[in-house]
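File shown: query.pdb (PDB, C-alpha atoms (C1' of nucleotides)).
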ATOM      1  CA  MET A   1      71.871 125.122 137.066  1.00  0.00           C
ATOM      2  CA  SER A   2      74.470 122.701 138.293  1.00  0.00           C
ATOM      3  CA  ASP A   3      71.976 121.436 140.842  1.00  0.00           C
ATOM      4  CA  VAL A   4      69.569 120.680 138.047  1.00  0.00           C
ATOM      5  CA  PHE A   5      72.018 118.549 136.099  1.00  0.00           C
ATOM      6  CA  ASP A   6      73.101 116.788 139.284  1.00  0.00           C
ATOM      7  CA  ALA A   7      69.481 115.970 139.959  1.00  0.00           C
ATOM      8  CA  LEU A   8      68.918 114.726 136.429  1.00  0.00           C
ATOM      9  CA  ALA A   9      71.961 112.483 136.578  1.00  0.00           C
ATOM     10  CA  HIS A  10      70.163 109.725 138.469  1.00  0.00           C
ATOM     11  CA  PRO A  11      67.814 107.418 136.535  1.00  0.00           C
ATOM     12  CA  VAL A  12      65.394 107.083 139.421  1.00  0.00           C
ATOM     13  CA  ARG A  13      65.040 110.826 139.682  1.00  0.00           C
ATOM     14  CA  ARG A  14      64.379 111.132 135.964  1.00  0.00           C
ATOM     15  CA  LYS A  15      61.749 108.441 136.296  1.00  0.00           C
ATOM     16  CA  ILE A  16      60.148 110.316 139.171  1.00  0.00           C
ATOM     17  CA  LEU A  17      59.947 113.439 137.034  1.00  0.00           C
ATOM     18  CA  LYS A  18      58.406 111.442 134.242  1.00  0.00           C
ATOM     19  CA  LEU A  19      55.728 110.126 136.578  1.00  0.00           C
ATOM     20  CA  LEU A  20      55.099 113.546 138.007  1.00  0.00           C
ATOM     21  CA  ARG A  21      54.786 115.049 134.581  1.00  0.00           C
ATOM     22  CA  LYS A  22      51.456 113.258 134.100  1.00  0.00           C
ATOM     23  CA  LYS A  23      50.023 114.305 137.399  1.00  0.00           C
ATOM     24  CA  PRO A  24      51.093 115.327 140.912  1.00  0.00           C
ATOM     25  CA  MET A  25      51.540 112.373 143.245  1.00  0.00           C
ATOM     26  CA  SER A  26      52.115 111.709 146.912  1.00  0.00           C
ATOM     27  CA  ALA A  27      55.465 110.395 148.110  1.00  0.00           C
ATOM     28  CA  GLY A  28      53.810 107.095 148.949  1.00  0.00           C
ATOM     29  CA  ALA A  29      52.136 106.758 145.564  1.00  0.00           C
ATOM     30  CA  ILE A  30      55.488 107.326 143.911  1.00  0.00           C
ATOM     31  CA  ALA A  31      57.157 104.856 146.240  1.00  0.00           C
ATOM     32  CA  ASP A  32      54.671 102.192 145.138  1.00  0.00           C
ATOM     33  CA  ARG A  33      56.120 102.416 141.656  1.00  0.00           C
ATOM     34  CA  PHE A  34      59.647 101.590 142.783  1.00  0.00           C
ATOM     35  CA  GLU A  35      61.367  98.704 144.517  1.00  0.00           C
ATOM     36  CA  ILE A  36      63.412 101.187 146.471  1.00  0.00           C
ATOM     37  CA  ALA A  37      63.004 101.817 150.191  1.00  0.00           C
ATOM     38  CA  LYS A  38      61.018 104.887 151.140  1.00  0.00           C
ATOM     39  CA  PRO A  39      63.829 106.661 152.966  1.00  0.00           C
ATOM     40  CA  THR A  40      65.949 106.334 149.849  1.00  0.00           C
ATOM     41  CA  LEU A  41      63.216 107.860 147.727  1.00  0.00           C
ATOM     42  CA  SER A  42      62.764 110.588 150.265  1.00  0.00           C
ATOM     43  CA  GLY A  43      66.386 111.474 149.653  1.00  0.00           C
ATOM     44  CA  HIS A  44      65.755 111.644 145.929  1.00  0.00           C
ATOM     45  CA  PHE A  45      62.832 113.975 146.518  1.00  0.00           C
ATOM     46  CA  ALA A  46      65.108 116.215 148.530  1.00  0.00           C
ATOM     47  CA  VAL A  47      67.588 116.390 145.658  1.00  0.00           C
ATOM     48  CA  LEU A  48      64.846 117.230 143.181  1.00  0.00           C
ATOM     49  CA  LYS A  49      63.548 119.880 145.511  1.00  0.00           C
ATOM     50  CA  ALA A  50      66.993 121.385 146.037  1.00  0.00           C
ATOM     51  CA  ALA A  51      67.228 121.727 142.268  1.00  0.00           C
ATOM     52  CA  ASP A  52      63.797 123.322 142.308  1.00  0.00           C
ATOM     53  CA  LEU A  53      62.649 120.681 139.857  1.00  0.00           C
ATOM     54  CA  VAL A  54      59.699 119.780 142.064  1.00  0.00           C
ATOM     55  CA  THR A  55      57.646 121.489 144.712  1.00  0.00           C
ATOM     56  CA  SER A  56      55.825 119.842 147.575  1.00  0.00           C
ATOM     57  CA  ASP A  57      52.860 120.697 149.670  1.00  0.00           C
ATOM     58  CA  ARG A  58      51.354 118.811 152.520  1.00  0.00           C
ATOM     59  CA  GLN A  59      47.752 117.709 152.448  1.00  0.00           C
ATOM     60  CA  GLY A  60      46.930 116.222 155.777  1.00  0.00           C
ATOM     61  CA  THR A  61      49.368 113.440 156.421  1.00  0.00           C
ATOM     62  CA  THR A  62      50.454 113.022 152.832  1.00  0.00           C
ATOM     63  CA  ILE A  63      52.831 115.184 150.854  1.00  0.00           C
ATOM     64  CA  ILE A  64      52.094 115.926 147.240  1.00  0.00           C
ATOM     65  CA  TYR A  65      54.910 116.467 144.778  1.00  0.00           C
ATOM     66  CA  ARG A  66      54.537 118.265 141.495  1.00  0.00           C
ATOM     67  CA  VAL A  67      56.977 119.037 138.728  1.00  0.00           C
ATOM     68  CA  ASN A  68      58.198 122.575 138.302  1.00  0.00           C
ATOM     69  CA  MET A  69      57.888 122.684 134.538  1.00  0.00           C
ATOM     70  CA  SER A  70      59.613 126.000 134.055  1.00  0.00           C
ATOM     71  CA  VAL A  71      62.835 124.717 135.594  1.00  0.00           C
ATOM     72  CA  LEU A  72      62.740 121.615 133.443  1.00  0.00           C
ATOM     73  CA  GLU A  73      62.269 123.797 130.402  1.00  0.00           C
ATOM     74  CA  GLU A  74      65.120 126.007 131.507  1.00  0.00           C
ATOM     75  CA  ALA A  75      67.357 122.961 131.691  1.00  0.00           C
ATOM     76  CA  ALA A  76      66.339 121.922 128.206  1.00  0.00           C
ATOM     77  CA  ALA A  77      67.063 125.445 127.033  1.00  0.00           C
ATOM     78  CA  GLY A  78      70.423 125.299 128.783  1.00  0.00           C
ATOM     79  CA  LEU A  79      71.293 122.171 126.870  1.00  0.00           C
ATOM     80  CA  MET A  80      70.211 123.721 123.630  1.00  0.00           C
ATOM     81  CA  ASP A  81      72.430 126.636 124.462  1.00  0.00           C
ATOM     82  CA  LEU A  82      75.308 124.207 124.929  1.00  0.00           C
ATOM     83  CA  ALA A  83      74.404 122.731 121.584  1.00  0.00           C
ATOM     84  CA  GLY A  84      74.309 126.222 120.160  1.00  0.00           C
ATOM     85  CA  LEU A  85      70.741 125.838 118.986  1.00  0.00           C
ATOM     86  CA  ARG A  86      68.043 128.372 118.211  1.00  0.00           C
ATOM     87  CA  GLY A  87      65.805 129.478 121.021  1.00  0.00           C
ATOM     88  CA  ALA A  88      68.551 129.150 123.600  1.00  0.00           C
ATOM     89  CA  LYS A  89      69.080 131.913 126.122  1.00  0.00           C
ATOM     90  CA  GLU A  90      72.547 132.876 127.258  1.00  0.00           C
ATOM     91  CA  SER A  91      73.616 130.739 130.193  1.00  0.00           C
ATOM     92  CA  LYS A  92      76.147 130.738 133.008  1.00  0.00           C
ATOM     93  CA  SER A  93      78.150 127.832 134.502  1.00  0.00           C
TER      94      SER A  93
ATOM     95  CA  MET B   1      71.169 108.267 127.848  1.00  0.00           C
ATOM     96  CA  SER B   2      72.121 107.869 131.474  1.00  0.00           C
ATOM     97  CA  ASP B   3      75.755 108.226 130.487  1.00  0.00           C
ATOM     98  CA  VAL B   4      74.956 111.538 128.877  1.00  0.00           C
ATOM     99  CA  PHE B   5      73.334 113.009 131.971  1.00  0.00           C
ATOM    100  CA  ASP B   6      76.141 111.661 134.134  1.00  0.00           C
ATOM    101  CA  ALA B   7      78.604 113.429 131.867  1.00  0.00           C
ATOM    102  CA  LEU B   8      76.635 116.661 131.955  1.00  0.00           C
ATOM    103  CA  ALA B   9      76.451 116.622 135.743  1.00  0.00           C
ATOM    104  CA  HIS B  10      79.936 118.056 136.185  1.00  0.00           C
ATOM    105  CA  PRO B  11      80.506 121.788 135.622  1.00  0.00           C
ATOM    106  CA  VAL B  12      83.957 121.290 134.166  1.00  0.00           C
ATOM    107  CA  ARG B  13      82.603 118.882 131.601  1.00  0.00           C
ATOM    108  CA  ARG B  14      79.865 121.287 130.620  1.00  0.00           C
ATOM    109  CA  LYS B  15      82.454 124.000 130.266  1.00  0.00           C
ATOM    110  CA  ILE B  16      84.550 121.746 128.058  1.00  0.00           C
ATOM    111  CA  LEU B  17      81.563 121.169 125.808  1.00  0.00           C
ATOM    112  CA  LYS B  18      80.944 124.860 125.641  1.00  0.00           C
ATOM    113  CA  LEU B  19      84.526 125.480 124.544  1.00  0.00           C
ATOM    114  CA  LEU B  20      84.395 122.693 122.030  1.00  0.00           C
ATOM    115  CA  ARG B  21      81.183 124.005 120.603  1.00  0.00           C
ATOM    116  CA  LYS B  22      83.046 126.954 119.115  1.00  0.00           C
ATOM    117  CA  LYS B  23      85.792 124.909 117.571  1.00  0.00           C
ATOM    118  CA  PRO B  24      87.592 121.576 118.009  1.00  0.00           C
ATOM    119  CA  MET B  25      90.549 121.801 120.370  1.00  0.00           C
ATOM    120  CA  SER B  26      93.455 119.703 121.506  1.00  0.00           C
ATOM    121  CA  ALA B  27      93.526 118.274 125.024  1.00  0.00           C
ATOM    122  CA  GLY B  28      96.375 120.610 125.872  1.00  0.00           C
ATOM    123  CA  ALA B  29      94.625 123.695 124.527  1.00  0.00           C
ATOM    124  CA  ILE B  30      91.615 122.830 126.646  1.00  0.00           C
ATOM    125  CA  ALA B  31      93.819 122.205 129.654  1.00  0.00           C
ATOM    126  CA  ASP B  32      95.241 125.711 129.315  1.00  0.00           C
ATOM    127  CA  ARG B  33      91.779 127.061 130.041  1.00  0.00           C
ATOM    128  CA  PHE B  34      91.514 125.271 133.401  1.00  0.00           C
ATOM    129  CA  GLU B  35      93.416 125.256 136.659  1.00  0.00           C
ATOM    130  CA  ILE B  36      92.941 121.525 136.862  1.00  0.00           C
ATOM    131  CA  ALA B  37      95.757 119.016 136.393  1.00  0.00           C
ATOM    132  CA  LYS B  38      95.962 117.423 132.968  1.00  0.00           C
ATOM    133  CA  PRO B  39      95.363 113.872 134.113  1.00  0.00           C
ATOM    134  CA  THR B  40      92.189 115.027 135.803  1.00  0.00           C
ATOM    135  CA  LEU B  41      91.000 116.617 132.600  1.00  0.00           C
ATOM    136  CA  SER B  42      91.934 113.507 130.714  1.00  0.00           C
ATOM    137  CA  GLY B  43      89.511 111.678 132.968  1.00  0.00           C
ATOM    138  CA  HIS B  44      86.796 114.165 132.106  1.00  0.00           C
ATOM    139  CA  PHE B  45      87.474 113.623 128.410  1.00  0.00           C
ATOM    140  CA  ALA B  46      87.048 109.915 128.959  1.00  0.00           C
ATOM    141  CA  VAL B  47      83.650 110.459 130.568  1.00  0.00           C
ATOM    142  CA  LEU B  48      82.534 112.693 127.726  1.00  0.00           C
ATOM    143  CA  LYS B  49      83.748 110.133 125.235  1.00  0.00           C
ATOM    144  CA  ALA B  50      81.969 107.289 127.018  1.00  0.00           C
ATOM    145  CA  ALA B  51      78.775 109.309 126.711  1.00  0.00           C
ATOM    146  CA  ASP B  52      79.594 109.819 123.045  1.00  0.00           C
ATOM    147  CA  LEU B  53      79.365 113.548 123.606  1.00  0.00           C
ATOM    148  CA  VAL B  54      82.766 114.084 122.040  1.00  0.00           C
ATOM    149  CA  THR B  55      84.970 112.280 119.568  1.00  0.00           C
ATOM    150  CA  SER B  56      88.733 112.400 119.386  1.00  0.00           C
ATOM    151  CA  ASP B  57      91.290 111.906 116.715  1.00  0.00           C
ATOM    152  CA  ARG B  58      94.993 112.045 116.900  1.00  0.00           C
ATOM    153  CA  GLN B  59      96.994 114.439 114.766  1.00  0.00           C
ATOM    154  CA  GLY B  60     100.618 113.729 115.325  1.00  0.00           C
ATOM    155  CA  THR B  61     101.333 114.012 118.999  1.00  0.00           C
ATOM    156  CA  THR B  62      98.233 115.984 119.826  1.00  0.00           C
ATOM    157  CA  ILE B  63      94.689 114.728 120.201  1.00  0.00           C
ATOM    158  CA  ILE B  64      91.858 116.821 118.889  1.00  0.00           C
ATOM    159  CA  TYR B  65      88.470 116.724 120.563  1.00  0.00           C
ATOM    160  CA  ARG B  66      85.250 117.759 118.907  1.00  0.00           C
ATOM    161  CA  VAL B  67      81.689 117.869 120.138  1.00  0.00           C
ATOM    162  CA  ASN B  68      79.241 115.320 118.852  1.00  0.00           C
ATOM    163  CA  MET B  69      76.401 117.714 118.256  1.00  0.00           C
ATOM    164  CA  SER B  70      73.777 115.107 117.500  1.00  0.00           C
ATOM    165  CA  VAL B  71      74.147 113.523 120.926  1.00  0.00           C
ATOM    166  CA  LEU B  72      73.920 116.892 122.623  1.00  0.00           C
ATOM    167  CA  GLU B  73      70.772 117.595 120.654  1.00  0.00           C
ATOM    168  CA  GLU B  74      69.402 114.202 121.604  1.00  0.00           C
ATOM    169  CA  ALA B  75      69.956 115.026 125.250  1.00  0.00           C
ATOM    170  CA  ALA B  76      68.133 118.323 124.841  1.00  0.00           C
ATOM    171  CA  ALA B  77      65.322 116.447 123.131  1.00  0.00           C
ATOM    172  CA  GLY B  78      65.319 113.938 125.971  1.00  0.00           C
ATOM    173  CA  LEU B  79      64.834 116.750 128.444  1.00  0.00           C
ATOM    174  CA  MET B  80      62.078 118.231 126.393  1.00  0.00           C
ATOM    175  CA  ASP B  81      60.473 114.825 126.384  1.00  0.00           C
ATOM    176  CA  LEU B  82      60.661 114.830 130.170  1.00  0.00           C
ATOM    177  CA  ALA B  83      59.094 118.248 130.122  1.00  0.00           C
ATOM    178  CA  GLY B  84      56.478 116.923 127.739  1.00  0.00           C
ATOM    179  CA  LEU B  85      57.315 119.504 125.119  1.00  0.00           C
ATOM    180  CA  ARG B  86      56.774 119.550 121.398  1.00  0.00           C
ATOM    181  CA  GLY B  87      59.458 118.147 119.177  1.00  0.00           C
ATOM    182  CA  ALA B  88      60.423 115.504 121.709  1.00  0.00           C
ATOM    183  CA  LYS B  89      60.956 111.936 120.575  1.00  0.00           C
ATOM    184  CA  GLU B  90      59.894 109.027 122.780  1.00  0.00           C
ATOM    185  CA  SER B  91      62.665 108.126 125.187  1.00  0.00           C
ATOM    186  CA  LYS B  92      63.758 105.260 127.410  1.00  0.00           C
ATOM    187  CA  SER B  93      65.184 105.375 130.949  1.00  0.00           C
TER     188      SER B  93
ATOM    189  C1'  DA C   1      46.015 111.263 175.343  1.00  0.00           C
ATOM    190  C1'  DC C   2      46.489 107.308 172.164  1.00  0.00           C
ATOM    191  C1'  DT C   3      46.791 104.962 167.780  1.00  0.00           C
ATOM    192  C1'  DA C   4      47.502 104.707 163.061  1.00  0.00           C
ATOM    193  C1'  DT C   5      49.384 106.428 158.712  1.00  0.00           C
ATOM    194  C1'  DA C   6      52.665 109.049 155.875  1.00  0.00           C
ATOM    195  C1'  DT C   7      56.973 110.815 155.412  1.00  0.00           C
ATOM    196  C1'  DT C   8      61.463 112.279 156.861  1.00  0.00           C
ATOM    197  C1'  DT C   9      65.799 112.253 159.608  1.00  0.00           C
ATOM    198  C1'  DC C  10      69.554 109.658 161.579  1.00  0.00           C
ATOM    199  C1'  DG C  11      73.398 106.600 161.642  1.00  0.00           C
ATOM    200  C1'  DT C  12      75.892 103.293 159.034  1.00  0.00           C
ATOM    201  C1'  DT C  13      78.038 100.957 155.192  1.00  0.00           C
ATOM    202  C1'  DA C  14      79.448 100.374 150.468  1.00  0.00           C
ATOM    203  C1'  DT C  15      80.366 102.401 146.240  1.00  0.00           C
ATOM    204  C1'  DT C  16      81.637 106.001 143.278  1.00  0.00           C
ATOM    205  C1'  DT C  17      83.622 110.324 142.002  1.00  0.00           C
ATOM    206  C1'  DC C  18      87.165 113.710 141.885  1.00  0.00           C
ATOM    207  C1'  DC C  19      91.551 115.237 142.232  1.00  0.00           C
ATOM    208  C1'  DC C  20      96.394 114.695 142.686  1.00  0.00           C
ATOM    209  C1'  DT C  21     101.465 112.981 141.582  1.00  0.00           C
ATOM    210  C1'  DA C  22     104.278 109.710 139.305  1.00  0.00           C
ATOM    211  C1'  DA C  23     104.977 106.671 135.685  1.00  0.00           C
ATOM    212  C1'  DA C  24     103.809 104.890 131.070  1.00  0.00           C
ATOM    213  C1'  DT C  25     102.735 105.422 126.146  1.00  0.00           C
ATOM    214  C1'  DA C  26     102.662 107.606 121.499  1.00  0.00           C
ATOM    215  C1'  DA C  27     104.558 110.311 117.972  1.00  0.00           C
ATOM    216  C1'  DC C  28     107.763 113.431 116.346  1.00  0.00           C
ATOM    217  C1'  DG C  29     112.444 115.408 114.946  1.00  0.00           C
ATOM    218  C1'  DA C  30     117.488 115.241 115.265  1.00  0.00           C
TER     219       DA C  30
ATOM    220  C1'  DT D   1     118.024 105.563 118.995  1.00  0.00           C
ATOM    221  C1'  DC D   2     117.543 109.686 122.008  1.00  0.00           C
ATOM    222  C1'  DG D   3     115.217 113.434 123.677  1.00  0.00           C
ATOM    223  C1'  DT D   4     111.135 116.175 123.768  1.00  0.00           C
ATOM    224  C1'  DT D   5     106.266 117.103 123.773  1.00  0.00           C
ATOM    225  C1'  DA D   6     101.444 115.607 124.370  1.00  0.00           C
ATOM    226  C1'  DT D   7      98.439 112.748 126.503  1.00  0.00           C
ATOM    227  C1'  DT D   8      96.885 108.834 129.116  1.00  0.00           C
ATOM    228  C1'  DT D   9      97.109 105.155 132.714  1.00  0.00           C
ATOM    229  C1'  DA D  10      98.019 103.720 137.432  1.00  0.00           C
ATOM    230  C1'  DG D  11      97.588 104.257 142.254  1.00  0.00           C
ATOM    231  C1'  DG D  12      95.748 106.339 146.201  1.00  0.00           C
ATOM    232  C1'  DG D  13      93.293 109.449 149.436  1.00  0.00           C
ATOM    233  C1'  DA D  14      89.408 112.474 150.563  1.00  0.00           C
ATOM    234  C1'  DA D  15      84.858 113.575 149.888  1.00  0.00           C
ATOM    235  C1'  DA D  16      80.317 112.845 147.933  1.00  0.00           C
ATOM    236  C1'  DT D  17      76.487 109.738 146.869  1.00  0.00           C
ATOM    237  C1'  DA D  18      73.315 106.004 147.419  1.00  0.00           C
ATOM    238  C1'  DA D  19      71.263 102.585 149.800  1.00  0.00           C
ATOM    239  C1'  DC D  20      69.266 100.452 154.044  1.00  0.00           C
ATOM    240  C1'  DG D  21      66.703  99.783 158.732  1.00  0.00           C
ATOM    241  C1'  DA D  22      65.450 102.072 162.910  1.00  0.00           C
ATOM    242  C1'  DA D  23      63.801 105.929 165.035  1.00  0.00           C
ATOM    243  C1'  DA D  24      61.659 110.493 164.873  1.00  0.00           C
ATOM    244  C1'  DT D  25      58.111 113.799 163.314  1.00  0.00           C
ATOM    245  C1'  DA D  26      53.639 115.420 161.716  1.00  0.00           C
ATOM    246  C1'  DT D  27      48.782 114.986 161.145  1.00  0.00           C
ATOM    247  C1'  DA D  28      44.270 113.015 161.616  1.00  0.00           C
ATOM    248  C1'  DG D  29      40.814 110.406 163.876  1.00  0.00           C
ATOM    249  C1'  DT D  30      38.959 108.195 168.226  1.00  0.00           C
TER     250       DT D  30
END
Would you encode the structure as structure tokens?
Amino acid sequence: MSDVFDALAHPVRRKILKLLRKKPMSAGAIADRFEIAKPTLSGHFAVLKAADLVTSDRQGTTIIYRVNMSVLEEAAAGLMDLAGLRGAKESKS
Amino acid sequence: MSDVFDALAHPVRRKILKLLRKKPMSAGAIADRFEIAKPTLSGHFAVLKAADLVTSDRQGTTIIYRVNMSVLEEAAAGLMDLAGLRGAKESKS
DNA sequence: ACTATATTTCGTTATTTCCCTAAATAACGA
DNA sequence: TCGTTATTTAGGGAAATAACGAAATATAGT
């Protein structure tokens, strides 16, 4: 859970998730949307993956990233739990 | 919005919010719940305040912190927006 | 085997974050 | 005003994070 919030803390990573929400994209296609160097983005992908917020699978030479919706929903639920709102499961950490 | 996710990224700050959700507490009362030095916690309060996640008011020599529920709810809504879920307002950044 | 393309890993630098102790500030009561 | 309590600010060191260019890896096609 902490990994998730760490991952969400960076604006670029939130923007990546927002892109990915519409449709899965290759690392390169995502990189085209940013001014940031590819190695830097690659690092962001790694953080998102560590948080299990995205999954990746290779297709030939390109790597396709897709959002892991359930984890994103869990995070939202976690926040609602913090807020003490309806529909929130019990949470740790 | 970025400030909010930054603030939520630290486990201690999330724990503070969770405490404060039940009832407003003084800085010292919160500090009693942690092993962390008071100045360190004071720094965490400052981050939470910068994100507008908590408000503070002084009562004599003690300072009472309370959660700003609406901002916490906004953050949850922001996440749901990322997840593309119902009930989510449009969001920037 | 060689070349080209896509992506990541490595090594480095700069910035930020986190935590601490010590000192400062604020408000109270005697 | 003095002393006490509650909290914050200041200063500093260690560790984490973010960014880059260069080099490495993986795959496909020739």
What would the selection look like, as a CSV table (one decimal) with C-alpha atoms, in the frame of the given file, if the PyMOL selection byres ((chain A) within 8 of (chain D)) were run on the coordinates I just shared?
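Below is the file selection_18.csv, written as the result:
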chain,number,residue,atom,x,y,z
A,37,ALA,CA,63.0,101.8,150.2
A,40,THR,CA,65.9,106.3,149.8
A,60,GLY,CA,46.9,116.2,155.8
A,61,THR,CA,49.4,113.4,156.4
**Request:** Hey, list the chain C side of the contact with chain A: 10 Å cut-off, all atoms listed in the file, answer as a PyMOL selection string.
**Result:** chain C and resi 5-9
**Request:** Would you list the contacts of Ser2 of chain A as a count of residues only, taking every protein, DNA or RNA residue within 10 Å and counting only C-alpha atoms (C1' of nucleotides), but skipping same-chain residues closer than 2 positions in sequence?
**Result:** 14
Translate the PyMOL selection byres ((chain A) within 6 of (chain B)), as applied to the file shown, into an explicit residue set as an mmCIF file with C-alpha atoms, keeping the file's coordinate frame.
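Below is the file expr03.cif, written as the result:
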data_model
loop_
_atom_site.group_PDB
_atom_site.id
_atom_site.type_symbol
_atom_site.label_atom_id
_atom_site.label_comp_id
_atom_site.auth_asym_id
_atom_site.auth_seq_id
_atom_site.Cartn_x
_atom_site.Cartn_y
_atom_site.Cartn_z
ATOM 1 C CA PHE A 5 72.018 118.549 136.099
ATOM 2 C CA ASP A 6 73.101 116.788 139.284
ATOM 3 C CA ALA A 9 71.961 112.483 136.578
ATOM 4 C CA LYS A 18 58.406 111.442 134.242
ATOM 5 C CA LEU A 72 62.740 121.615 133.443
ATOM 6 C CA ALA A 76 66.339 121.922 128.206
ATOM 7 C CA LEU A 79 71.293 122.171 126.870
ATOM 8 C CA MET A 80 70.211 123.721 123.630
ATOM 9 C CA LEU A 82 75.308 124.207 124.929
ATOM 10 C CA ALA A 83 74.404 122.731 121.584
#
Please determine an axis-aligned box that encloses all atoms of segment 11-20 of chain C listed in the file, with 3 Å added on each side, and express its centre and edge lengths in Å to one decimal as AutoDock Vina command-line options.
--center_x 84.9 --center_y 107.8 --center_z 151.8 --size_x 29.0 --size_y 20.9 --size_z 25.8
**Message:** Please report the interatomic distance between atom CA of Ile16 of chain B and atom C1' of DT16 of chain C in Å with one decimal.
**Reply:** 22.1 Å
**Message:** What's the separation between atom C1' of DT21 of chain C and atom CA of Ala50 of chain B, in Å to one decimal place?
**Reply:**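 Computed distance, atom C1' of DT21 of chain C to atom CA of Ala50 of chain B, equals 25.0 Å.
Relative to atom CA of Ala29 of chain A, atom CA of Arg66 of chain A is found at 12.4 Å.
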